[in-house]
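J.: My structure file start_15.tsv, TSV, C-alpha atoms, is below:
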```
chain	number	residue	atom	x	y	z
H	6	MET	CA	80.25	41.78	129.93
H	7	PRO	CA	82.10	43.87	127.34
H	8	ARG	CA	80.23	46.81	125.87
H	9	ASN	CA	80.60	48.03	122.28
H	10	LEU	CA	80.52	51.58	121.01
H	11	ASP	CA	78.27	52.29	118.03
H	12	LEU	CA	80.53	53.21	115.11
H	13	THR	CA	77.68	54.98	113.32
H	14	ALA	CA	77.12	57.18	116.35
H	15	LEU	CA	80.86	57.78	116.63
H	16	ARG	CA	80.94	58.89	112.99
H	17	SER	CA	78.17	61.40	113.69
H	18	PHE	CA	80.01	62.63	116.79
H	19	VAL	CA	83.24	63.19	114.82
H	20	ALA	CA	81.29	64.98	112.07
H	21	VAL	CA	79.73	67.34	114.63
H	22	ALA	CA	83.17	68.05	116.12
H	23	ASP	CA	84.75	68.65	112.70
H	24	ARG	CA	81.96	70.74	111.21
H	25	GLY	CA	81.09	72.71	114.36
H	26	GLY	CA	77.42	71.82	114.62
H	27	VAL	CA	74.69	69.22	114.22
H	28	THR	CA	73.10	70.84	111.16
H	29	ARG	CA	76.29	70.92	109.08
H	30	ALA	CA	77.25	67.42	110.28
H	31	ALA	CA	73.86	66.09	109.21
H	32	SER	CA	74.29	67.66	105.77
H	33	GLY	CA	77.73	66.10	105.37
H	34	LEU	CA	76.49	62.67	106.46
H	35	ASN	CA	73.35	62.90	104.33
H	36	LEU	CA	71.21	62.39	107.46
H	37	THR	CA	68.48	64.43	109.12
H	38	GLN	CA	69.39	66.69	112.00
H	39	SER	CA	67.15	64.68	114.34
H	40	ALA	CA	68.89	61.43	113.36
H	41	VAL	CA	72.31	62.86	114.24
H	42	SER	CA	70.97	64.29	117.51
H	43	MET	CA	69.49	60.89	118.42
H	44	GLN	CA	72.80	59.14	117.70
H	45	LEU	CA	74.64	61.60	119.94
H	46	LYS	CA	72.09	61.09	122.69
H	47	ARG	CA	72.46	57.29	122.52
H	48	LEU	CA	76.24	57.66	122.64
H	49	GLU	CA	76.05	59.87	125.74
H	50	GLU	CA	73.64	57.44	127.40
H	51	ALA	CA	75.86	54.45	126.61
H	52	LEU	CA	78.87	56.17	128.19
H	53	ASP	CA	76.88	58.01	130.88
H	54	VAL	CA	78.74	61.26	130.14
H	55	SER	CA	77.96	64.57	128.43
H	56	LEU	CA	79.95	64.92	125.22
H	57	LEU	CA	78.72	68.33	124.05
H	58	ASP	CA	78.40	71.61	125.88
H	59	ARG	CA	75.10	73.00	124.65
H	60	SER	CA	74.97	76.02	126.95
H	61	GLY	CA	76.32	78.50	124.39
H	62	ARG	CA	75.16	79.49	120.93
H	63	GLY	CA	77.52	77.06	119.23
H	64	VAL	CA	78.48	73.46	119.93
H	65	ALA	CA	81.58	72.83	122.02
H	66	LEU	CA	83.06	69.59	123.29
H	67	THR	CA	83.16	68.82	126.99
H	68	SER	CA	86.35	67.39	128.48
H	69	SER	CA	84.84	63.91	128.07
H	70	GLY	CA	83.98	64.75	124.47
H	71	GLU	CA	87.57	65.82	123.76
H	72	GLN	CA	88.84	62.53	125.19
H	73	LEU	CA	86.39	60.48	123.14
H	74	LEU	CA	87.18	62.37	119.92
H	75	SER	CA	90.72	61.00	119.80
H	76	TYR	CA	89.52	57.42	120.33
H	77	ALA	CA	86.69	57.87	117.84
H	78	ARG	CA	89.03	59.05	115.09
H	79	ARG	CA	91.29	56.03	115.57
H	80	MET	CA	88.40	53.56	115.70
H	81	LEU	CA	86.80	54.95	112.56
H	82	SER	CA	90.13	55.07	110.78
H	83	LEU	CA	90.81	51.39	111.53
H	84	ASN	CA	87.26	50.45	110.56
H	85	ASP	CA	87.46	52.31	107.25
H	86	GLU	CA	90.95	51.02	106.52
H	87	ALA	CA	89.85	47.42	107.05
H	88	ILE	CA	86.81	47.82	104.80
H	89	ASP	CA	88.72	49.67	102.11
H	90	ARG	CA	91.57	47.16	102.04
H	91	LEU	CA	89.23	44.19	101.78
H	92	THR	CA	86.82	45.68	99.26
H	93	ALA	CA	88.87	48.18	97.24
H	94	HIS	CA	89.00	45.81	94.26
H	95	ASP	CA	85.25	46.29	93.87
H	96	TYR	CA	85.60	50.02	93.27
H	97	GLY	CA	86.50	51.70	90.02
H	98	GLY	CA	85.79	54.88	88.10
H	99	GLU	CA	87.04	58.44	88.38
H	100	ILE	CA	86.86	61.26	90.91
H	101	LYS	CA	87.50	64.79	89.71
H	102	LEU	CA	89.35	66.92	92.27
H	103	GLY	CA	90.00	70.64	91.77
H	104	VAL	CA	92.80	72.41	93.67
H	105	PRO	CA	94.21	75.96	93.30
H	106	HIS	CA	97.76	76.08	91.93
H	107	ASP	CA	99.18	77.59	95.09
H	108	ILE	CA	98.07	74.86	97.53
H	109	VAL	CA	98.87	71.73	95.55
H	110	TYR	CA	101.88	71.52	97.85
H	111	PRO	CA	102.55	70.34	100.45
H	112	HIS	CA	99.55	68.04	101.05
H	113	VAL	CA	97.96	66.96	97.77
H	114	PRO	CA	100.70	64.54	96.57
H	115	ASP	CA	100.54	62.58	99.84
H	116	ILE	CA	96.73	62.58	99.77
H	117	LEU	CA	96.76	61.11	96.26
H	118	ARG	CA	99.41	58.52	97.18
H	119	ARG	CA	97.45	57.29	100.19
H	120	PHE	CA	94.17	57.23	98.28
H	121	ASN	CA	95.71	55.23	95.45
H	122	ALA	CA	96.99	52.64	97.93
H	123	ALA	CA	93.46	52.16	99.29
H	124	PHE	CA	91.57	52.44	95.98
H	125	PRO	CA	93.98	51.40	93.20
H	126	ARG	CA	91.23	51.13	90.59
H	127	VAL	CA	89.79	54.61	91.20
H	128	ARG	CA	91.43	57.33	89.13
H	129	VAL	CA	91.67	60.80	90.65
H	130	ASN	CA	91.58	63.43	87.92
H	131	LEU	CA	93.45	66.33	89.53
H	132	VAL	CA	92.75	69.72	87.97
H	133	SER	CA	94.80	72.72	89.05
H	134	SER	CA	93.13	76.07	88.47
H	135	TYR	CA	92.15	79.33	90.15
H	136	SER	CA	89.64	79.43	93.02
H	137	ARG	CA	87.11	81.59	91.16
H	138	GLN	CA	87.12	79.26	88.16
H	139	LEU	CA	86.92	76.15	90.36
H	140	LEU	CA	83.89	77.58	92.19
H	141	ASP	CA	82.11	78.37	88.92
H	142	GLU	CA	82.79	74.89	87.53
H	143	PHE	CA	81.86	73.20	90.82
H	144	ALA	CA	78.50	75.02	90.74
H	145	ARG	CA	77.95	73.50	87.28
H	146	GLY	CA	78.55	70.01	88.68
H	147	GLU	CA	81.95	69.44	87.07
H	148	TYR	CA	83.78	68.29	90.25
H	149	ALA	CA	83.24	65.77	93.02
H	150	LEU	CA	85.16	68.04	95.38
H	151	ILE	CA	87.31	71.15	95.26
H	152	LEU	CA	89.63	73.09	97.51
H	153	THR	CA	89.65	76.89	97.37
H	154	THR	CA	91.52	79.80	98.89
H	155	GLU	CA	89.08	82.55	99.88
H	156	GLN	CA	88.62	85.43	102.28
H	157	GLY	CA	85.70	83.87	104.11
H	158	HIS	CA	83.76	80.95	102.67
H	159	GLY	CA	80.61	80.00	100.82
H	160	ASP	CA	77.51	78.58	102.51
H	161	SER	CA	78.35	74.98	101.63
H	162	ALA	CA	82.07	75.21	102.44
H	163	GLU	CA	83.94	73.44	105.19
H	164	VAL	CA	86.85	75.55	106.46
H	165	LEU	CA	89.91	73.31	106.68
H	166	SER	CA	92.53	75.87	107.64
H	167	GLU	CA	93.15	79.59	107.97
H	168	LYS	CA	96.53	80.93	106.89
H	169	PRO	CA	98.07	84.39	106.61
H	170	LEU	CA	99.10	85.63	103.20
H	171	THR	CA	102.85	86.29	103.08
H	172	TRP	CA	105.38	88.00	100.84
H	173	ILE	CA	107.56	85.46	99.02
H	174	GLY	CA	110.95	85.99	97.40
H	175	ALA	CA	114.12	84.26	96.26
H	176	LYS	CA	116.18	82.62	98.97
H	177	GLY	CA	118.51	85.27	100.31
H	178	GLY	CA	117.12	87.72	97.77
H	179	ALA	CA	117.16	91.51	97.97
H	180	CYS	CA	114.58	92.45	95.32
H	181	TRP	CA	112.04	93.26	98.03
H	182	ARG	CA	114.18	96.23	99.15
H	183	GLN	CA	113.91	98.01	95.77
H	184	ARG	CA	111.39	100.75	94.94
H	185	PRO	CA	109.27	100.64	92.99
H	186	LEU	CA	108.63	97.14	94.31
H	187	ARG	CA	108.64	94.60	91.49
H	188	PHE	CA	105.52	92.46	91.91
H	189	GLY	CA	104.67	89.21	90.15
H	190	SER	CA	101.21	87.63	90.15
H	191	GLY	CA	98.91	85.84	87.71
H	192	ARG	CA	96.02	87.84	86.25
H	193	GLN	CA	93.42	85.56	87.83
H	194	CYS	CA	95.26	84.93	91.09
H	195	VAL	CA	92.94	85.56	94.05
H	196	PHE	CA	95.85	87.10	96.00
H	197	ARG	CA	96.72	89.70	93.37
H	198	ALA	CA	94.08	92.26	94.35
H	199	ALA	CA	94.91	91.85	98.05
H	200	GLY	CA	98.58	92.59	97.40
H	201	ILE	CA	97.80	95.65	95.28
H	202	ARG	CA	95.37	97.01	97.88
H	203	ALA	CA	97.98	96.52	100.61
H	204	MET	CA	100.63	98.44	98.64
H	205	GLU	CA	98.22	101.23	97.77
H	206	ARG	CA	97.09	101.61	101.39
H	207	CYS	CA	100.63	102.49	102.45
H	208	ALA	CA	101.36	104.48	99.27
H	209	MET	CA	104.14	102.09	98.22
H	210	THR	CA	105.34	102.48	94.65
H	211	TRP	CA	105.27	99.24	92.67
H	212	GLU	CA	105.27	97.82	89.17
H	213	LEU	CA	104.37	94.53	87.55
H	214	ALA	CA	107.56	92.58	86.95
H	215	VAL	CA	105.88	89.81	84.96
H	216	GLU	CA	102.49	89.48	83.29
H	217	SER	CA	101.61	85.83	82.83
H	218	GLU	CA	98.96	83.18	83.47
H	219	SER	CA	101.72	80.64	84.12
H	220	ASP	CA	102.62	80.03	87.76
H	221	ARG	CA	105.90	78.47	86.57
H	222	THR	CA	106.84	81.70	84.79
H	223	ILE	CA	106.08	83.79	87.86
H	224	GLU	CA	107.97	81.39	90.15
H	225	ALA	CA	110.99	81.51	87.82
H	226	THR	CA	110.98	85.32	87.90
H	227	VAL	CA	110.76	85.36	91.70
H	228	ARG	CA	113.43	82.67	92.01
H	229	ALA	CA	115.74	84.84	89.90
H	230	ASP	CA	115.22	87.63	92.48
H	231	LEU	CA	113.54	89.82	89.86
H	232	ALA	CA	110.20	90.08	91.66
H	233	VAL	CA	108.31	89.25	94.83
H	234	SER	CA	105.01	87.41	94.98
H	235	LEU	CA	102.34	86.27	97.43
H	236	MET	CA	101.58	82.83	98.86
H	237	LEU	CA	99.84	81.41	101.88
H	238	GLU	CA	102.17	80.70	104.77
H	239	GLY	CA	103.73	77.26	104.46
H	240	THR	CA	102.79	76.65	100.81
H	241	GLU	CA	105.89	78.15	99.19
H	242	PRO	CA	108.12	75.77	97.16
H	243	PRO	CA	111.53	74.87	98.61
H	244	PHE	CA	113.42	77.21	96.28
H	245	LEU	CA	111.52	80.29	97.57
H	246	GLU	CA	111.11	81.69	101.08
H	247	GLN	CA	108.97	84.01	103.17
H	248	ILE	CA	110.55	87.47	103.25
H	249	ALA	CA	111.70	88.57	106.71
H	250	HIS	CA	111.05	92.25	105.95
H	251	HIS	CA	110.53	93.50	109.53
H	252	GLY	CA	107.59	95.68	108.51
H	253	ALA	CA	109.15	97.13	105.35
H	254	LEU	CA	106.38	95.52	103.27
H	255	PRO	CA	102.68	96.02	104.00
H	256	ALA	CA	100.62	93.68	106.18
H	257	LEU	CA	98.44	91.16	104.37
H	258	PRO	CA	95.10	89.48	105.18
H	259	THR	CA	94.33	85.92	106.23
H	260	TYR	CA	92.69	83.45	103.86
H	261	SER	CA	90.68	80.28	104.42
H	262	ILE	CA	91.41	77.00	102.71
H	263	ASN	CA	87.92	75.63	102.06
H	264	LEU	CA	86.55	72.26	101.04
H	265	TYR	CA	83.43	71.89	98.87
H	266	VAL	CA	81.94	68.42	98.31
H	267	SER	CA	79.26	67.70	95.74
H	268	ASP	CA	76.00	66.20	97.01
H	269	LEU	CA	76.40	63.59	94.27
H	270	ALA	CA	79.84	62.50	95.52
H	271	ARG	CA	78.86	60.37	98.49
H	272	GLY	CA	80.29	56.94	97.63
H	273	ARG	CA	82.83	55.12	99.77
H	274	ALA	CA	85.77	56.17	97.58
H	275	GLU	CA	84.70	59.83	97.58
H	276	ASN	CA	84.19	59.79	101.35
H	277	ALA	CA	87.63	58.24	101.82
H	278	LEU	CA	89.23	60.99	99.72
H	279	VAL	CA	87.40	63.68	101.70
H	280	ASP	CA	88.60	62.11	104.97
H	281	LEU	CA	92.21	62.12	103.72
H	282	VAL	CA	91.92	65.81	102.82
H	283	ARG	CA	90.54	66.63	106.26
H	284	GLU	CA	93.23	64.60	107.99
H	285	ALA	CA	96.01	66.34	106.05
H	286	TYR	CA	94.81	69.81	107.04
H	287	ARG	CA	94.10	68.76	110.62
H	288	SER	CA	97.76	67.79	110.99
H	289	ASP	CA	98.71	71.02	109.24
H	290	GLY	CA	96.82	73.04	111.82
H	291	ALA	CA	98.39	71.09	114.69
H	292	THR	CA	101.91	72.10	113.63
H	293	ALA	CA	101.20	75.63	112.37
H	294	SER	CA	101.89	77.41	115.64
H	295	SER	CA	105.33	75.81	116.02
H	296	GLN	CA	106.31	76.68	112.43
H	297	ARG	CA	104.91	80.23	112.29
H	298	PRO	CA	107.52	83.03	112.28
H	299	SER	CA	107.39	85.63	115.01
H	300	PRO	CA	105.34	88.78	114.26
H	301	SER	CA	108.52	90.77	113.68
H	302	THR	CA	109.40	88.59	110.68
H	303	SER	CA	105.96	88.02	109.21
H	304	ALA	CA	103.73	90.25	107.12
H	305	ALA	CA	100.53	88.69	108.45
```
Starting from the file, give its structure as structure tokens.
T.:
Amino acid sequence: MPRNLDLTALRSFVAVADRGGVTRAASGLNLTQSAVSMQLKRLEEALDVSLLDRSGRGVALTSSGEQLLSYARRMLSLNDEAIDRLTAHDYGGEIKLGVPHDIVYPHVPDILRRFNAAFPRVRVNLVSSYSRQLLDEFARGEYALILTTEQGHGDSAEVLSEKPLTWIGAKGGACWRQRPLRFGSGRQCVFRAAGIRAMERCAMTWELAVESESDRTIEATVRADLAVSLMLEGTEPPFLEQIAHHGALPALPTYSINLYVSDLARGRAENALVDLVREAYRSDGATASSQRPSPSTSAA
């Protein structure tokens, strides 16, 4: 007789795998920790395998758990797609999404396109701002969810990706060889202080090439090979490039791309948007190692 896997238990299992623990998974699913633990236990009993290695301080997947995770993601994706396609006409309203300027690309346009196909009557109000401002406004309840770029993360954050900060210049440009180094960065940009600290640590002479709040103005200056700037690896626009400086510019720190979801944003449409964000950055992480420059050509 065919046996059926419990989709609710599978959703809890995937949440534990994604969030790195039962407590954070329970918070994300709006369930108690004991409820999630019970669902995992029932799932293990139904399959007669151990899915989690509980011997260490954290939660790790066993080999059986890793195998199930792939199936679980596909099953939940098909389940959610079927429900969304058949019921999307019942959903309307607006979701406010905040994203820092520097990580709108490459993922956000595709996330919005896919969400609109599933929920055509739900409007996503995309606001592009700085991480510090987004965090302040999120704390005041102004967003359903936000993405941030931070060194580390807040207590309620889910870390989606970790990326090295890199020096960015014009394609084929030579401005980065000049001293003092001409540096361009917005006043509120979270990367600005990191770049200045890095230059000061190695006693590099530098000057501000452009003083502006406009990312477009800074990008235009860099594109004209009149300044260098800072971006997370892989987020630079196609008309700029990472500078292969071979150690001539100072090393830079790594930043986390974090997801914050409001406790009030737990409807089906909001959950679908969160899942699309997670999926985009999961695929990003899977290809990062193949796209990353060698250490001799990277500042990170």
J.: Please identify all polymer residues within 12 Å of stretch 25-32 of chain H, counting only C-alpha atoms, omitting same-chain residues fewer than 3 positions from it, and present them as number ranges by chain.
T.: H: 14, 16-22, 35-45, 57-59, 61-66, 160-165, 266-268, 271
J.: Could you work out how far atom CA of H:Pro125 lies from atom CA of H:Arg273, giving the answer in Å with one decimal?
T.: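 These two atoms are separated by 13.5 Å.
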J.: So which residues touch H:Trp211 within 10 Å, counting all atoms listed in the file, skipping near sequence neighbours fewer than 2 positions away, as number ranges by chain?
T.: H: 183-188, 201, 204-205, 208-209, 213-214
J.: Rank H:Leu150, H:Val104, H:Ala229, H:Leu257 by their smallest atom-to-atom distance to H:Arg202, using only C-alpha atoms, and report the top residue only.
T.: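 The shortest atom-to-atom distance to H:Arg202 comes from H:Leu257.
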J.: Separation of atom CA of H:Ser261 and atom CA of H:Lys176, in Å?
T.: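 Atom CA of H:Lys176 lies at a distance of 26.2 Å from atom CA of H:Ser261.
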J.: Would you kindly return, as a list in words, each protein, DNA or RNA residue with an atom no farther than 10 Å from any atom of H:Met80, considering all atoms listed in the file and excluding same-chain residues fewer than 5 positions away?
T.: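 Surrounding residues, per the criterion: Leu10, Leu12, Leu15, Arg16, Leu74, Ser75, Asp85 and Glu86 of chain H.
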J.: Can you pull out the residues contacting H:Ser133? Cut-off 8 Å, using only C-alpha atoms, and skip same-chain residues under 3 positions away; I want them as a list in words.
T.: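 Selected residues are Gly103, Val104, Pro105, His106 and Val109 of chain H.
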J.: Report, in Å to a single decimal, how far apart atom CA of H:Ile100 and atom CA of H:Leu131 are.
T.: 8.4 Å
J.: When distances are computed from only C-alpha atoms, which of H:Ala270, H:Trp172, H:Ala179, H:Ala232 shows the smallest separation from H:Ile248?
T.: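 For H:Ile248, the nearest of the candidates is H:Trp172.
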J.: Smallest atom-to-atom distance to H:Ser55: which of H:Leu73, H:Cys180, H:Leu91, H:Ala249, using only C-alpha atoms?
T.: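 Closest to H:Ser55 of all the choices is H:Leu73.
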J.: From the set H:Glu218, H:Arg228, H:Leu237, H:Arg182, which residue has the shortest atom-to-atom contact distance to H:Ala253, counting all atoms listed in the file?
T.: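 Result for the nearest residue to H:Ala253: H:Arg182.
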J.: For H:Phe143, which residue out of H:Ala274, H:Leu56, H:Met236, H:Leu102 is the nearest one, using only C-alpha atoms?
T.: H:Leu102
J.: Which neighbours of H:Gly174 fall inside 6 Å, counting only C-alpha atoms, when residues of the same chain fewer than 5 positions from it are skipped, and could you give them as a PyMOL selection string?
T.: chain H and resi 227+233+245-246
J.: Have a look at H:Leu278, H:Leu48, H:Ala175, H:Ala256 and name the one nearest to H:Glu99; count all atoms listed in the file.
T.: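 Checking each candidate against H:Glu99, we get H:Leu278 as the closest.
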J.: Dump C-alpha atoms of stretch 150-243 of chain H from the given block, as an mmCIF file, in the first residue's frame.
T.:
```cif
data_model
loop_
_atom_site.group_PDB
_atom_site.id
_atom_site.type_symbol
_atom_site.label_atom_id
_atom_site.label_comp_id
_atom_site.auth_asym_id
_atom_site.auth_seq_id
_atom_site.Cartn_x
_atom_site.Cartn_y
_atom_site.Cartn_z
ATOM 1 C CA LEU H 150 10.264 42.194 4.678
ATOM 2 C CA ILE H 151 13.647 43.734 3.977
ATOM 3 C CA LEU H 152 17.052 42.672 2.757
ATOM 4 C CA THR H 153 20.171 44.233 4.281
ATOM 5 C CA THR H 154 23.922 44.151 3.828
ATOM 6 C CA GLU H 155 25.646 43.973 7.228
ATOM 7 C CA GLN H 156 28.801 42.793 8.927
ATOM 8 C CA GLY H 157 27.078 40.164 11.031
ATOM 9 C CA HIS H 158 23.321 40.155 11.546
ATOM 10 C CA GLY H 159 20.572 41.116 13.952
ATOM 11 C CA ASP H 160 18.835 38.654 16.276
ATOM 12 C CA SER H 161 15.819 38.219 13.993
ATOM 13 C CA ALA H 162 17.791 38.016 10.737
ATOM 14 C CA GLU H 163 18.128 35.053 8.432
ATOM 15 C CA VAL H 164 21.514 35.033 6.699
ATOM 16 C CA LEU H 165 20.937 34.361 3.005
ATOM 17 C CA SER H 166 24.472 34.759 1.703
ATOM 18 C CA GLU H 167 27.943 35.933 2.666
ATOM 19 C CA LYS H 168 29.952 37.836 0.080
ATOM 20 C CA PRO H 169 33.329 39.574 0.077
ATOM 21 C CA LEU H 170 33.431 43.305 -0.513
ATOM 22 C CA THR H 171 35.399 44.115 -3.666
ATOM 23 C CA TRP H 172 36.941 47.125 -5.378
ATOM 24 C CA ILE H 173 34.967 48.115 -8.479
ATOM 25 C CA GLY H 174 36.101 50.218 -11.431
ATOM 26 C CA ALA H 175 35.460 51.000 -15.076
ATOM 27 C CA LYS H 176 35.961 48.150 -17.508
ATOM 28 C CA GLY H 177 39.605 48.192 -18.487
ATOM 29 C CA GLY H 178 40.103 51.282 -16.329
ATOM 30 C CA ALA H 179 43.351 52.518 -14.814
ATOM 31 C CA CYS H 180 42.092 54.991 -12.203
ATOM 32 C CA TRP H 181 42.832 52.499 -9.429
ATOM 33 C CA ARG H 182 46.576 52.836 -10.121
ATOM 34 C CA GLN H 183 46.626 56.580 -9.299
ATOM 35 C CA ARG H 184 47.600 58.057 -5.926
ATOM 36 C CA PRO H 185 45.913 59.552 -4.124
ATOM 37 C CA LEU H 186 43.264 56.948 -4.905
ATOM 38 C CA ARG H 187 40.056 58.592 -6.080
ATOM 39 C CA PHE H 188 37.217 57.018 -4.082
ATOM 40 C CA GLY H 189 33.484 57.317 -4.718
ATOM 41 C CA SER H 190 30.817 56.300 -2.208
ATOM 42 C CA GLY H 191 27.468 57.591 -0.949
ATOM 43 C CA ARG H 192 27.426 59.333 2.439
ATOM 44 C CA GLN H 193 25.126 56.709 3.953
ATOM 45 C CA CYS H 194 26.605 53.699 2.163
ATOM 46 C CA VAL H 195 27.383 50.930 4.670
ATOM 47 C CA PHE H 196 30.566 50.072 2.727
ATOM 48 C CA ARG H 197 32.035 53.570 2.881
ATOM 49 C CA ALA H 198 33.523 53.305 6.377
ATOM 50 C CA ALA H 199 34.954 49.853 5.615
ATOM 51 C CA GLY H 200 36.755 51.178 2.540
ATOM 52 C CA ILE H 201 38.161 54.176 4.408
ATOM 53 C CA ARG H 202 39.361 52.000 7.293
ATOM 54 C CA ALA H 203 41.049 49.622 4.835
ATOM 55 C CA MET H 204 42.909 52.471 3.117
ATOM 56 C CA GLU H 205 43.949 54.032 6.405
ATOM 57 C CA ARG H 206 45.244 50.709 7.756
ATOM 58 C CA CYS H 207 47.775 50.494 4.938
ATOM 59 C CA ALA H 208 48.472 54.254 4.942
ATOM 60 C CA MET H 209 47.156 54.660 1.386
ATOM 61 C CA THR H 210 46.564 58.233 0.288
ATOM 62 C CA TRP H 211 43.062 58.828 -1.054
ATOM 63 C CA GLU H 212 40.502 61.520 -1.797
ATOM 64 C CA LEU H 213 36.779 61.659 -2.387
ATOM 65 C CA ALA H 214 36.170 61.871 -6.124
ATOM 66 C CA VAL H 215 32.430 62.465 -5.807
ATOM 67 C CA GLU H 216 30.169 63.460 -2.922
ATOM 68 C CA SER H 217 26.607 62.404 -3.636
ATOM 69 C CA GLU H 218 23.617 60.500 -2.268
ATOM 70 C CA SER H 219 22.836 59.288 -5.786
ATOM 71 C CA ASP H 220 24.104 55.824 -6.702
ATOM 72 C CA ARG H 221 23.621 56.737 -10.374
ATOM 73 C CA THR H 222 25.981 59.700 -9.997
ATOM 74 C CA ILE H 223 28.626 57.561 -8.312
ATOM 75 C CA GLU H 224 28.268 54.789 -10.917
ATOM 76 C CA ALA H 225 28.632 57.349 -13.722
ATOM 77 C CA THR H 226 31.834 58.702 -12.154
ATOM 78 C CA VAL H 227 33.273 55.196 -11.774
ATOM 79 C CA ARG H 228 32.198 54.231 -15.286
ATOM 80 C CA ALA H 229 34.083 57.267 -16.603
ATOM 81 C CA ASP H 230 37.217 55.878 -14.878
ATOM 82 C CA LEU H 231 37.353 58.900 -12.570
ATOM 83 C CA ALA H 232 36.964 56.927 -9.333
ATOM 84 C CA VAL H 233 36.774 53.475 -7.810
ATOM 85 C CA SER H 234 34.008 52.245 -5.542
ATOM 86 C CA LEU H 235 32.979 49.238 -3.462
ATOM 87 C CA MET H 236 30.375 46.542 -4.112
ATOM 88 C CA LEU H 237 29.691 43.022 -2.971
ATOM 89 C CA GLU H 238 31.139 40.390 -5.252
ATOM 90 C CA GLY H 239 28.764 39.576 -8.089
ATOM 91 C CA THR H 240 26.466 42.589 -7.641
ATOM 92 C CA GLU H 241 28.292 45.019 -9.936
ATOM 93 C CA PRO H 242 26.389 46.266 -13.024
ATOM 94 C CA PRO H 243 27.544 45.006 -16.441
#
```
